[in-house]
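Structure record follows, encoded as structure tokens.
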Amino acid sequence: MAPSLDFSNWWPKDARKGTPVVVKMENPNYSVVEIDGPDAAFRPVEKSRGKNAKQVTWVLLLKAHRAVGCLAWIASLFWALLGTIKKRLIFRQDVAMASEKLGKGKLLFTVIKAFLVTSLTILAFEVVAYLKGWHYFRNPSLHIPRSTDIQGLLHLVYVTWLSVRADYIAPPIQALSKFCVALFLIQSVDRMILSLGCFWIKYKKIKPRIEGDPFKSDDVEGSAYEYPMVLVQIPMCNEREVYEQSISAVCQLDWPKDRLLVQVLDDSDDESIQYLIKAEVAKWNQKGVNIIYRHRLVRTGYKAGNLKSAMSCEYVQAYEFVAIFDADFQPNPDFLKQTVPHFKGNPDLGLVQARWTFVNKDENLLTRLQNINLCFHFEVEQQVNGVFLNFFGFNGTAGVWRIKALEESGGWLERTTVEDMDIAVRAHLNGWKFIFLNDVKVLCEVPESYEAYRKQQHRWHSGPMHLFRLCLPAIITCKIAIWKKANLILLFFLLRKLILPFYSFTLFCIILPLTMFVPEAELPVWVICYVPVFMSFLNILPSPKSFPFIVPYLLFENTMSVTKFNAMVSGLFQLGSSYEWVVTKKAGRSSESDLLASAEMESKIMNQLQIQRGPSESELTELNRLKEQKEAAPVPVKRVNKIYRKELTLAFLLLTASVRSLLSAQGVHFYFLLFQGVTFLLVGLDLIGEQMS
């Protein structure tokens, strides 16, 4: 009998494919051979087959080499980080400590340090209790051991601490946390309503529109064009970095020269800067621009006093509208043609506000986080309030006022540092309406350093509370609709200017760290995680490119609540810093298109000067002297890093509280808190590393 050869066991028994093939040989000594499929004999052999011990050894050596290289890289990175910390924090090389005014901030710094020391002490105590196995929080309810279960003096002290904490410390923290959570929910509902209003505006495509040709004359012939008289004001103070680009942008506005007057309102106390600004004004004056330089010897009232002094000039009476630009703003040439026409046929309109856009929004982490806040402010808050209420706070710049509205509202007052909000509230009480143009954008800068940003935020949050104290009687007695009074008092001032910094600081910077040491008053997960993340998501919607920074934004806003709360309290109770004005430091950034246009304009000017007749001898002497002073300007000092001790201490405090929460092992949200603490510390180190001039 012929032998039977079966090769089916040589390969895995997979599903058969194709048609079986039967081969018959003529030689009767052989039997039939059956093959599973046409490709079965040509299947690739598994790579694992055929490897000998030597090959396996080489593979293991390669993997070990990669692991060692990764560990070496991590070790070198950690060692470099330790070296940097040792160099900057211990030896303080290339570091300048952030100086504080006498007595300013010392109380808050002392409280934070005391809180930190107490937290570290309790943390160490909790670690010892955890290692000894005193786990009394495995159940939701607190278990106090009996006297017979006391194991020693340390255990007795720990049990006493638990009793005091549960009976005397936890109840007031719980009551305060419930109050702050209620405020938090109210403010979250307000944010959601504003966001829904913005979605509705986008869906319905609602925006102010210009009908017809606004400059066409109404006479019989109808062929002439009438342009109203417009006054443009540029208030500035020691703005060496940005004065040139702002004056250049304003002087290039597309408007008839005989219908436009530019006022450069210089409050600089540095004579070299005054000479530079005078030279820039003289240059544009020679080109035919109607521009005037004004300088006050006594700088009273800050920006409000500067604007008030300029409006008191007799020639201002001939003008109908006034546009205001801060020193770092660069309007497009068609700015006036996009804003002024809205006043025609709308006699109740007092203000047209344009949107800000930032030339340095991607400069560093701080500018990116500011861009998130300001985009939400303009896209959502300003636009929704302008469409549905015809009222919002004037942003102080990039806006056009009807001069009649300013005069009837009392003009610029020097009583607060938020003169823009002051005049807006008084104009609203007098019945004037506002329009916000989200499509008209003006280039400007945001602070690139933490010190400048902190001072700016202090002024922006202390001024409104100071103004609220001054305006409250006028709001109550004013003859306007009740809902307008309620909007001003409850929403505009209380909810968005007072309640927001209060609950943010109290809930996330005071109660949250305390709950790590008082688990009886623990906050719900949705309060410390889900709702803040959702609200941060809404804030980032107007700037979708900022989504990668949602977690740093959420945590940075919590840390900044310390500065905002301090400013709010100083303004509400009229403390010394409530009327403090510090000019925000600028970097003089320009967009690429602006730089090219400026270079082209400079080349045209040089060509014209070669052809045209030069100025008089006295003007040449003055310009040469100004040029020499500009060339002899001092060389910028090397930048150094400043250490902000309060911010660093607070970040370390939150990190410590998060570690304590992890030891409690109460659930996954403690890991979120640990991540929160680590991110706080990283953001704090990033802010500390900001280069300051």
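If you're wondering about the labels, chains in the structure tokens are A, B, ... by order shown, residues count from 1 in each chain, ligands from 1 in order shown.
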Worksheet item: Could you name the residues that touch stretch 532-544 of chain A at 12 Å or less, counting only C-alpha atoms, but leaving out those on the same chain fewer than 6 positions away, as a PyMOL selection string?
Response: chain A and resi 181+184-185+187-196+198-199+202+357+361+368-381+383+438+504+507-508+525-526+550-558+672
Worksheet entry | Every residue of stretch 191-330 of chain A that DSSP places in strand (DSSP E), as a ChimeraX atom specification | /A:230-236,260-266,291-295,321-324
Practice prompt. Write out as a ChimeraX atom specification which residues come within 8 Å of stretch 423-427 of chain A when counting only C-alpha atoms, dropping same-chain ones fewer than 2 positions away.
Written response: /A:350,392-394,405-406,408-413,419-421,429-432
Would you put the residues from that selection into a file with all heavy atoms, as a short mmCIF file (atom, residue, chain, number, x, y, z; two decimals), in the first residue's frame?
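result21.cif, freshly written:
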```cif
data_model
loop_
_atom_site.label_atom_id
_atom_site.label_comp_id
_atom_site.auth_asym_id
_atom_site.auth_seq_id
_atom_site.Cartn_x
_atom_site.Cartn_y
_atom_site.Cartn_z
N GLY A 350 -24.07 107.69 21.23
CA GLY A 350 -23.01 108.47 21.83
C GLY A 350 -21.63 107.89 21.66
O GLY A 350 -20.63 108.62 21.71
N PHE A 392 -22.36 99.13 27.35
CA PHE A 392 -21.22 98.35 27.81
C PHE A 392 -20.18 99.34 28.30
O PHE A 392 -20.29 100.55 28.09
CB PHE A 392 -20.65 97.48 26.67
CG PHE A 392 -20.44 98.22 25.38
CD1 PHE A 392 -19.30 98.98 25.17
CD2 PHE A 392 -21.40 98.16 24.37
CE1 PHE A 392 -19.12 99.68 24.00
CE2 PHE A 392 -21.22 98.86 23.19
CZ PHE A 392 -20.08 99.61 23.00
N GLY A 393 -19.19 98.84 28.95
CA GLY A 393 -18.14 99.70 29.45
C GLY A 393 -17.20 100.14 28.34
O GLY A 393 -16.71 99.31 27.56
N PHE A 394 -16.97 101.44 28.24
CA PHE A 394 -16.01 101.96 27.26
C PHE A 394 -14.62 101.43 27.61
O PHE A 394 -14.20 101.45 28.77
CB PHE A 394 -16.03 103.48 27.27
CG PHE A 394 -15.01 104.13 26.38
CD1 PHE A 394 -14.80 103.69 25.09
CD2 PHE A 394 -14.25 105.20 26.85
CE1 PHE A 394 -13.86 104.28 24.27
CE2 PHE A 394 -13.31 105.80 26.04
CZ PHE A 394 -13.10 105.34 24.75
N ALA A 405 -22.25 114.12 23.60
CA ALA A 405 -22.51 113.14 24.65
C ALA A 405 -21.53 113.30 25.81
O ALA A 405 -21.91 113.17 26.98
CB ALA A 405 -22.44 111.73 24.08
N LEU A 406 -20.27 113.57 25.51
CA LEU A 406 -19.29 113.79 26.56
C LEU A 406 -19.64 115.03 27.39
O LEU A 406 -19.57 115.00 28.62
CB LEU A 406 -17.90 113.95 25.95
CG LEU A 406 -17.26 112.71 25.31
CD1 LEU A 406 -15.92 113.07 24.69
CD2 LEU A 406 -17.08 111.60 26.34
N GLU A 408 -22.61 116.59 27.77
CA GLU A 408 -23.83 116.44 28.54
C GLU A 408 -23.67 115.47 29.71
O GLU A 408 -24.44 115.53 30.68
CB GLU A 408 -24.97 115.98 27.63
CG GLU A 408 -25.42 117.02 26.63
CD GLU A 408 -26.63 116.56 25.84
OE1 GLU A 408 -27.08 115.40 26.05
OE2 GLU A 408 -27.14 117.34 25.02
N SER A 409 -22.72 114.58 29.63
CA SER A 409 -22.48 113.61 30.71
C SER A 409 -21.51 114.12 31.76
O SER A 409 -21.19 113.39 32.70
CB SER A 409 -21.97 112.29 30.12
OG SER A 409 -22.88 111.78 29.17
N GLY A 410 -21.03 115.34 31.62
CA GLY A 410 -20.13 115.92 32.61
C GLY A 410 -18.68 115.92 32.23
O GLY A 410 -17.84 116.40 33.01
N GLY A 411 -18.34 115.38 31.06
CA GLY A 411 -16.94 115.38 30.63
C GLY A 411 -16.09 114.40 31.42
O GLY A 411 -16.58 113.60 32.23
N TRP A 412 -14.79 114.49 31.17
CA TRP A 412 -13.86 113.59 31.86
C TRP A 412 -13.67 114.05 33.30
O TRP A 412 -13.40 115.21 33.55
CB TRP A 412 -12.51 113.58 31.14
CG TRP A 412 -12.60 113.09 29.73
CD1 TRP A 412 -12.56 113.86 28.60
CD2 TRP A 412 -12.76 111.75 29.29
NE1 TRP A 412 -12.69 113.08 27.48
CE2 TRP A 412 -12.81 111.77 27.88
CE3 TRP A 412 -12.86 110.52 29.95
CZ2 TRP A 412 -12.97 110.61 27.12
CZ3 TRP A 412 -13.03 109.37 29.19
CH2 TRP A 412 -13.07 109.42 27.80
N LEU A 413 -13.79 113.11 34.24
CA LEU A 413 -13.61 113.39 35.66
C LEU A 413 -12.38 112.66 36.17
O LEU A 413 -12.06 111.56 35.72
CB LEU A 413 -14.85 112.97 36.46
CG LEU A 413 -16.17 113.66 36.10
CD1 LEU A 413 -17.29 113.17 37.01
CD2 LEU A 413 -16.03 115.18 36.20
N GLU A 419 -11.45 106.13 34.15
CA GLU A 419 -12.22 107.24 33.59
C GLU A 419 -13.08 106.80 32.41
O GLU A 419 -14.13 107.39 32.15
CB GLU A 419 -11.28 108.36 33.16
CG GLU A 419 -10.47 108.11 31.89
CD GLU A 419 -9.44 107.01 32.04
OE1 GLU A 419 -8.94 106.83 33.16
OE2 GLU A 419 -9.15 106.33 31.04
N ASP A 420 -12.67 105.72 31.71
CA ASP A 420 -13.46 105.23 30.59
C ASP A 420 -14.78 104.63 31.06
O ASP A 420 -15.84 104.89 30.48
CB ASP A 420 -12.64 104.21 29.79
CG ASP A 420 -11.95 103.20 30.69
OD1 ASP A 420 -12.20 103.21 31.92
OD2 ASP A 420 -11.16 102.39 30.19
N MET A 421 -14.74 103.83 32.11
CA MET A 421 -15.97 103.26 32.66
C MET A 421 -16.83 104.34 33.31
O MET A 421 -18.08 104.29 33.25
CB MET A 421 -15.63 102.17 33.68
CG MET A 421 -16.83 101.41 34.21
SD MET A 421 -16.34 100.16 35.42
CE MET A 421 -15.37 99.07 34.38
N LEU A 429 -26.59 106.78 31.93
CA LEU A 429 -27.63 107.36 32.79
C LEU A 429 -28.31 108.55 32.13
O LEU A 429 -29.46 108.87 32.46
CB LEU A 429 -27.01 107.78 34.13
CG LEU A 429 -26.45 106.66 35.01
CD1 LEU A 429 -25.86 107.22 36.29
CD2 LEU A 429 -27.52 105.62 35.33
N ASN A 430 -27.62 109.20 31.19
CA ASN A 430 -28.21 110.34 30.47
C ASN A 430 -28.94 109.92 29.21
O ASN A 430 -29.40 110.79 28.44
CB ASN A 430 -27.12 111.35 30.10
CG ASN A 430 -26.67 112.15 31.31
OD1 ASN A 430 -27.45 112.42 32.23
ND2 ASN A 430 -25.40 112.52 31.32
N GLY A 431 -29.05 108.61 28.96
CA GLY A 431 -29.86 108.14 27.84
C GLY A 431 -29.11 107.89 26.56
O GLY A 431 -29.76 107.60 25.53
N TRP A 432 -27.80 107.98 26.52
CA TRP A 432 -27.04 107.75 25.30
C TRP A 432 -26.87 106.26 25.05
O TRP A 432 -26.72 105.47 25.98
CB TRP A 432 -25.68 108.44 25.38
CG TRP A 432 -25.76 109.93 25.37
CD1 TRP A 432 -25.71 110.76 26.45
CD2 TRP A 432 -25.94 110.77 24.23
NE1 TRP A 432 -25.84 112.07 26.06
CE2 TRP A 432 -25.99 112.11 24.69
CE3 TRP A 432 -26.08 110.54 22.87
CZ2 TRP A 432 -26.15 113.19 23.84
CZ3 TRP A 432 -26.24 111.62 22.01
CH2 TRP A 432 -26.28 112.93 22.50
#
```
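In this structure, atom CA of A:Val384 sits 16.4 Å away from atom CA of A:Leu495.
Here atom CA of A:Ser177 is placed at a distance of 12.4 Å from atom CA of A:Val518.
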Practice prompt. Write out as a list in words each polymer residue whose atoms come within 7 Å of stretch 463-469 of chain A, counting only C-alpha atoms; drop sequence neighbours fewer than 6 positions from it.
Written response: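 Skipping anything fewer than 6 positions along the chain leaves Thr416, Thr417, Val418, Asp422, Phe493, Lys497, Met568, Gly571, Leu572, Gln574 and Ser578 of chain A.
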Using the selection just defined, write its residues with N, CA, C and O atoms as a short mmCIF file (atom, residue, chain, number, x, y, z; two decimals), in the first residue's frame.
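Result file is selection08.cif:
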```cif
data_model
loop_
_atom_site.label_atom_id
_atom_site.label_comp_id
_atom_site.auth_asym_id
_atom_site.auth_seq_id
_atom_site.Cartn_x
_atom_site.Cartn_y
_atom_site.Cartn_z
N THR A 416 -11.48 108.76 39.52
CA THR A 416 -11.08 107.36 39.56
C THR A 416 -9.99 107.12 38.53
O THR A 416 -9.68 107.99 37.69
N THR A 417 -9.43 105.91 38.56
CA THR A 417 -8.44 105.50 37.56
C THR A 417 -9.09 104.79 36.37
O THR A 417 -8.38 104.39 35.45
N VAL A 418 -10.41 104.62 36.41
CA VAL A 418 -11.14 104.02 35.28
C VAL A 418 -12.06 105.09 34.70
O VAL A 418 -13.28 104.99 34.74
N ASP A 422 -16.19 105.32 33.91
CA ASP A 422 -16.92 106.41 34.56
C ASP A 422 -17.76 107.19 33.55
O ASP A 422 -18.97 107.41 33.75
N PHE A 493 -21.83 95.83 37.96
CA PHE A 493 -20.90 96.09 39.06
C PHE A 493 -20.77 94.90 40.01
O PHE A 493 -19.66 94.38 40.21
N LYS A 497 -17.88 92.51 38.70
CA LYS A 497 -16.74 93.26 39.23
C LYS A 497 -16.44 92.94 40.69
O LYS A 497 -15.29 93.07 41.11
N MET A 568 -9.79 94.51 44.31
CA MET A 568 -11.20 94.76 44.55
C MET A 568 -11.44 95.31 45.95
O MET A 568 -12.19 96.28 46.14
N GLY A 571 -10.18 98.94 46.21
CA GLY A 571 -11.07 99.90 45.57
C GLY A 571 -12.39 100.07 46.31
O GLY A 571 -12.92 101.19 46.40
N LEU A 572 -12.91 98.99 46.88
CA LEU A 572 -14.19 99.06 47.57
C LEU A 572 -14.09 99.88 48.85
O LEU A 572 -15.00 100.65 49.19
N GLN A 574 -11.55 102.04 49.42
CA GLN A 574 -10.75 103.23 49.13
C GLN A 574 -9.42 103.24 49.89
O GLN A 574 -9.08 104.19 50.58
N SER A 578 -5.90 102.23 45.69
CA SER A 578 -7.05 102.28 44.81
C SER A 578 -6.94 103.41 43.80
O SER A 578 -7.62 103.39 42.77
#
```
